[in-house]
file my_file23.pdb (PDB, C-alpha atoms)
ATOM      1  CA  MET P   2       9.896  -5.851  19.921
ATOM      2  CA  SER P   3      13.348  -5.936  18.364
ATOM      3  CA  ALA P   4      14.235  -3.219  15.861
ATOM      4  CA  HIS P   5      14.732  -5.709  13.034
ATOM      5  CA  ALA P   6      11.288  -7.257  13.547
ATOM      6  CA  CYS P   7       9.364  -3.973  13.519
ATOM      7  CA  ILE P   8       8.509  -1.485  10.813
ATOM      8  CA  THR P   9       9.009   2.255  11.272
ATOM      9  CA  VAL P  10       6.265   4.788  10.611
ATOM     10  CA  GLU P  11       8.112   5.975   7.485
ATOM     11  CA  GLU P  12       8.525   2.413   6.240
ATOM     12  CA  ALA P  13       4.873   1.595   6.953
ATOM     13  CA  ALA P  14       3.653   4.675   5.067
ATOM     14  CA  ALA P  15       5.867   3.685   2.121
ATOM     15  CA  ASP P  16       4.636   0.090   2.329
ATOM     16  CA  GLN P  17       1.060   1.333   2.160
ATOM     17  CA  ILE P  18       1.752   3.287  -1.035
ATOM     18  CA  ARG P  19       3.338   0.188  -2.542
ATOM     19  CA  PHE P  20       0.338  -1.909  -1.408
ATOM     20  CA  ILE P  21      -2.089   0.469  -3.119
ATOM     21  CA  ASP P  22       0.018   0.373  -6.276
ATOM     22  CA  MET P  23       0.255  -3.423  -6.160
ATOM     23  CA  GLN P  24      -3.479  -3.935  -5.614
ATOM     24  CA  LEU P  25      -4.319  -1.600  -8.499
ATOM     25  CA  ARG P  26      -1.678  -3.312 -10.673
ATOM     26  CA  VAL P  27      -3.061  -6.779  -9.890
ATOM     27  CA  ALA P  28      -6.552  -5.515 -10.724
ATOM     28  CA  ALA P  29      -5.350  -3.972 -13.996
ATOM     29  CA  LEU P  30      -3.909  -7.330 -15.041
ATOM     30  CA  LYS P  31      -6.727  -9.478 -13.714
ATOM     31  CA  CYS P  32      -9.701  -7.308 -14.660
ATOM     32  CA  ARG P  33      -8.653  -5.870 -18.007
ATOM     33  CA  THR P  34     -11.211  -7.898 -19.976
ATOM     34  CA  LYS P  35     -14.060  -7.478 -17.478
ATOM     35  CA  GLU P  36     -13.351  -3.774 -16.823
ATOM     36  CA  PRO P  37     -11.323  -2.549 -19.836
ATOM     37  CA  ARG P  38     -10.993   0.993 -18.418
ATOM     38  CA  ILE P  39      -9.015  -0.241 -15.419
ATOM     39  CA  VAL P  40      -5.712  -0.311 -17.300
ATOM     40  CA  GLY P  41      -6.098   3.362 -18.205
ATOM     41  CA  GLN P  42      -7.108   4.260 -14.656
ATOM     42  CA  TYR P  43      -4.111   2.379 -13.272
ATOM     43  CA  ASN P  44      -1.814   4.205 -15.703
ATOM     44  CA  ARG P  45      -3.333   7.552 -14.626
ATOM     45  CA  PHE P  46      -2.731   6.589 -10.998
ATOM     46  CA  VAL P  47       0.914   5.746 -11.720
ATOM     47  CA  ASN P  48       1.458   8.967 -13.673
ATOM     48  CA  ALA P  49      -0.150  11.067 -10.926
ATOM     49  CA  HIS P  50       1.761   9.391  -8.081
ATOM     50  CA  ARG P  51       5.018   8.370  -9.730
ATOM     51  CA  PRO P  52       7.174  10.458  -7.329
ATOM     52  CA  SER P  53       5.634   8.888  -4.207
ATOM     53  CA  ILE P  54       5.731   5.386  -5.706
ATOM     54  CA  ILE P  55       9.416   5.810  -6.555
ATOM     55  CA  ALA P  56      10.196   7.374  -3.168
ATOM     56  CA  SER P  57       8.447   4.497  -1.374
ATOM     57  CA  ARG P  58      10.935   1.906  -2.608
ATOM     58  CA  ALA P  59      13.890   2.872  -0.391
ATOM     59  CA  PRO P  60      12.000   2.792   2.943
ATOM     60  CA  VAL P  61      10.434  -0.566   2.077
ATOM     61  CA  GLU P  62      13.837  -1.925   1.077
ATOM     62  CA  ARG P  63      15.243  -0.737   4.433
ATOM     63  CA  TYR P  64      12.518  -2.673   6.241
ATOM     64  CA  ILE P  65      13.048  -5.771   4.085
ATOM     65  CA  SER P  66      16.818  -5.627   4.562
ATOM     66  CA  ARG P  67      16.302  -6.170   8.306
ATOM     67  CA  GLN P  68      14.269  -9.319   7.708
ATOM     68  CA  ALA P  69      16.067 -12.647   7.552
ATOM     69  CA  LYS P  70      16.135 -14.316   4.155
ATOM     70  CA  LEU P  71      13.803 -11.874   2.427
ATOM     71  CA  SER P  72      14.508  -9.935  -0.750
ATOM     72  CA  MET P  73      12.487  -7.167  -2.379
ATOM     73  CA  ASP P  74      11.628  -9.549  -5.222
ATOM     74  CA  ASP P  75      10.356 -12.159  -2.744
ATOM     75  CA  TYR P  76       8.353  -9.531  -0.852
ATOM     76  CA  VAL P  77       6.724  -8.162  -4.017
ATOM     77  CA  THR P  78       6.004 -11.638  -5.404
ATOM     78  CA  LYS P  79       4.421 -12.855  -2.152
ATOM     79  CA  ARG P  80       2.289  -9.722  -1.921
ATOM     80  CA  ALA P  81       1.145  -9.939  -5.562
ATOM     81  CA  ASN P  82       0.311 -13.623  -5.160
ATOM     82  CA  ARG P  83      -1.645 -12.910  -1.964
ATOM     83  CA  LEU P  84      -3.601 -10.100  -3.611
ATOM     84  CA  SER P  85      -4.365 -12.188  -6.680
ATOM     85  CA  TYR P  86      -5.487 -15.153  -4.578
ATOM     86  CA  GLU P  87      -7.598 -13.100  -2.160
ATOM     87  CA  SER P  88      -9.230 -11.159  -4.996
ATOM     88  CA  ILE P  89     -10.910 -14.374  -6.149
ATOM     89  CA  GLY P  90     -13.204 -14.314  -3.126
ATOM     90  CA  VAL P  91     -14.008 -10.590  -3.219
ATOM     91  CA  LYS P  92     -17.374  -9.856  -4.789
ATOM     92  CA  GLY P  93     -17.135  -6.892  -7.143
ATOM     93  CA  PHE P  94     -13.336  -6.772  -6.973
ATOM     94  CA  CYS P  95     -12.917  -5.473 -10.520
ATOM     95  CA  ALA P  96     -15.669  -2.836 -10.430
ATOM     96  CA  ASN P  97     -14.684  -1.591  -6.975
ATOM     97  CA  THR P  98     -11.001  -1.419  -7.810
ATOM     98  CA  LEU P  99     -11.782   0.455 -11.034
ATOM     99  CA  ALA P 100     -13.612   3.141  -9.047
ATOM    100  CA  LEU P 101     -10.822   3.333  -6.481
ATOM    101  CA  ALA P 102      -8.139   3.593  -9.170
ATOM    102  CA  ALA P 103      -9.972   6.603 -10.595
ATOM    103  CA  THR P 104     -10.273   8.172  -7.130
ATOM    104  CA  ALA P 105      -6.615   7.528  -6.330
ATOM    105  CA  ALA P 106      -5.538   9.010  -9.665
ATOM    106  CA  ARG P 107      -7.465  12.233  -8.944
ATOM    107  CA  SER P 108      -6.352  12.560  -5.320
ATOM    108  CA  ALA P 109      -3.266  14.481  -4.253
ATOM    109  CA  ASP P 110      -2.622  11.753  -1.667
ATOM    110  CA  ALA P 111      -2.968   8.167  -2.898
ATOM    111  CA  SER P 112      -3.395   6.874   0.657
ATOM    112  CA  VAL P 113      -6.967   8.251   0.756
ATOM    113  CA  VAL P 114      -8.112   4.963  -0.807
ATOM    114  CA  LEU P 115      -6.173   2.669   1.531
ATOM    115  CA  ASP P 116      -9.077   1.886   3.839
ATOM    116  CA  LEU P 117     -11.455   1.471   0.882
ATOM    117  CA  LEU P 118      -9.480  -1.144  -1.048
ATOM    118  CA  PRO P 119     -11.297  -4.458  -1.562
ATOM    119  CA  ILE P 120      -8.368  -6.303   0.040
ATOM    120  CA  ARG P 121      -7.373  -4.742   3.337
ATOM    121  CA  TYR P 122      -3.858  -3.575   4.071
ATOM    122  CA  GLN P 123      -2.071  -5.375   6.892
ATOM    123  CA  LEU P 124       1.130  -4.115   8.442
ATOM    124  CA  PRO P 125       3.843  -6.695   7.694
ATOM    125  CA  ALA P 126       5.179  -6.297  11.257
ATOM    126  CA  GLY P 127       4.430  -4.390  14.414
ATOM    127  CA  LEU P 128       5.291  -0.733  14.366
ATOM    128  CA  CYS P 129       8.570   0.312  15.935
ATOM    129  CA  LYS P 130       8.189   2.700  18.819
ATOM    130  CA  PRO P 131       8.363   6.183  17.268
ATOM    131  CA  SER P 132      11.308   8.184  18.547
ATOM    132  CA  GLY P 133       9.942  11.639  17.814
ATOM    133  CA  GLY P 134       6.194  11.139  17.893
ATOM    134  CA  ILE P 135       3.982  10.714  14.897
ATOM    135  CA  THR P 136       4.917  12.912  11.994
ATOM    136  CA  ALA P 137       2.559  14.927   9.827
ATOM    137  CA  ASN P 138       3.418  12.768   6.809
ATOM    138  CA  ALA P 139       2.297   9.537   8.477
ATOM    139  CA  ALA P 140      -0.679   8.107   6.621
ATOM    140  CA  PRO P 141      -3.972   7.952   8.535
ATOM    141  CA  ALA P 142      -3.814   4.146   8.674
ATOM    142  CA  VAL P 143      -0.348   4.345  10.275
ATOM    143  CA  ARG P 144      -1.590   6.824  12.859
ATOM    144  CA  SER P 145      -4.581   4.549  13.461
ATOM    145  CA  ALA P 146      -2.312   1.533  13.970
ATOM    146  CA  LEU P 147      -0.409   3.547  16.551
ATOM    147  CA  GLY P 148      -3.657   4.245  18.371
ATOM    148  CA  THR P 149      -3.993   7.922  17.515
ATOM    149  CA  ASN P 150      -6.757   9.605  15.573
ATOM    150  CA  SER P 151      -5.120  12.955  15.073
ATOM    151  CA  MET P 152      -1.689  14.422  15.055
ATOM    152  CA  GLY P 153      -0.006  14.404  18.433
ATOM    153  CA  ASN P 154      -2.669  12.343  20.272
TER     154      ASN P 154
END

call {"tool": "encode", "arguments": {"input": "my_file23.pdb", "output": "structure tokens"}}
result
Amino acid sequence: MSAHACITVEEAAADQIRFIDMQLRVAALKCRTKEPRIVGQYNRFVNAHRPSIIASRAPVERYISRQAKLSMDDYVTKRANRLSYESIGVKGFCANTLALAATAARSADASVVLDLLPIRYQLPAGLCKPSGGITANAAPAVRSALGTNSMGN
């Protein structure tokens, strides 16, 4: 796989944080009348994880910059549209996302909810071959995608 077509472990972990944020944001907008507490839970999530959300932008932009004819705005818009569209067919989307927003806001690591989200995360590209092994800061879903269940396996 060519380097421009793959996503690094760091970029994938950052993309996952942005995916969690985007799914919770879409739910806050979509579900605010059905589940009025979701806006507050989303805001608590953002306040608790602001540093990691901000830090995730640069790695995702690095990945996007290697893709032909793709901007960060396009990437975010396509992802938000996909989440909004797919949420229509998910039974209990609002209630489930409300509970996950609360869990994510209380957790030190937002990625603990990644595998529980109503709409599943999908890597945007295959993972680049890691040069130095899997790092301790790689999210569990990234390690899983690489075929390892624990550090160094």

call {"tool": "closest_residue", "arguments": {"input": "my_file23.pdb", "among": "P:Arg107, P:Lys70, P:Arg58, P:Arg121", "to": "Arg19 in chain P", "atoms": "only C-alpha atoms"}}
result
P:Arg58

call {"tool": "resolve_selection", "arguments": {"input": "my_file23.pdb", "expression": "the PyMOL selection byres ((chain P and resi 95-98) around 7)", "output": "VMD selection string"}}
result
chain P and resid 25 28 32 36 93 to 94 99 to 102 118 to 119

call {"tool": "atom_distance", "arguments": {"input": "my_file23.pdb", "atom1": "CA of Ile54 in chain P", "atom2": "CA of Val113 in chain P"}}
result
14.5 Å

call {"tool": "resolve_selection", "arguments": {"input": "my_file23.pdb", "expression": "the PyMOL selection byres ((chain P and resi 81-90) around 9)", "output": "VMD selection string"}}
result
chain P and resid 23 to 24 26 to 28 31 76 to 80 91 to 92 94 to 95 119 to 120

call {"tool": "atom_distance", "arguments": {"input": "my_file23.pdb", "atom1": "CA of Pro52 in chain P", "atom2": "CA of Ala103 in chain P"}}
result
17.9 Å

call {"tool": "closest_residue", "arguments": {"input": "my_file23.pdb", "among": "P:Ala106, P:Leu117, P:Cys7, P:Cys129", "to": "Ala49 in chain P", "atoms": "all atoms listed in the file"}}
result
P:Ala106
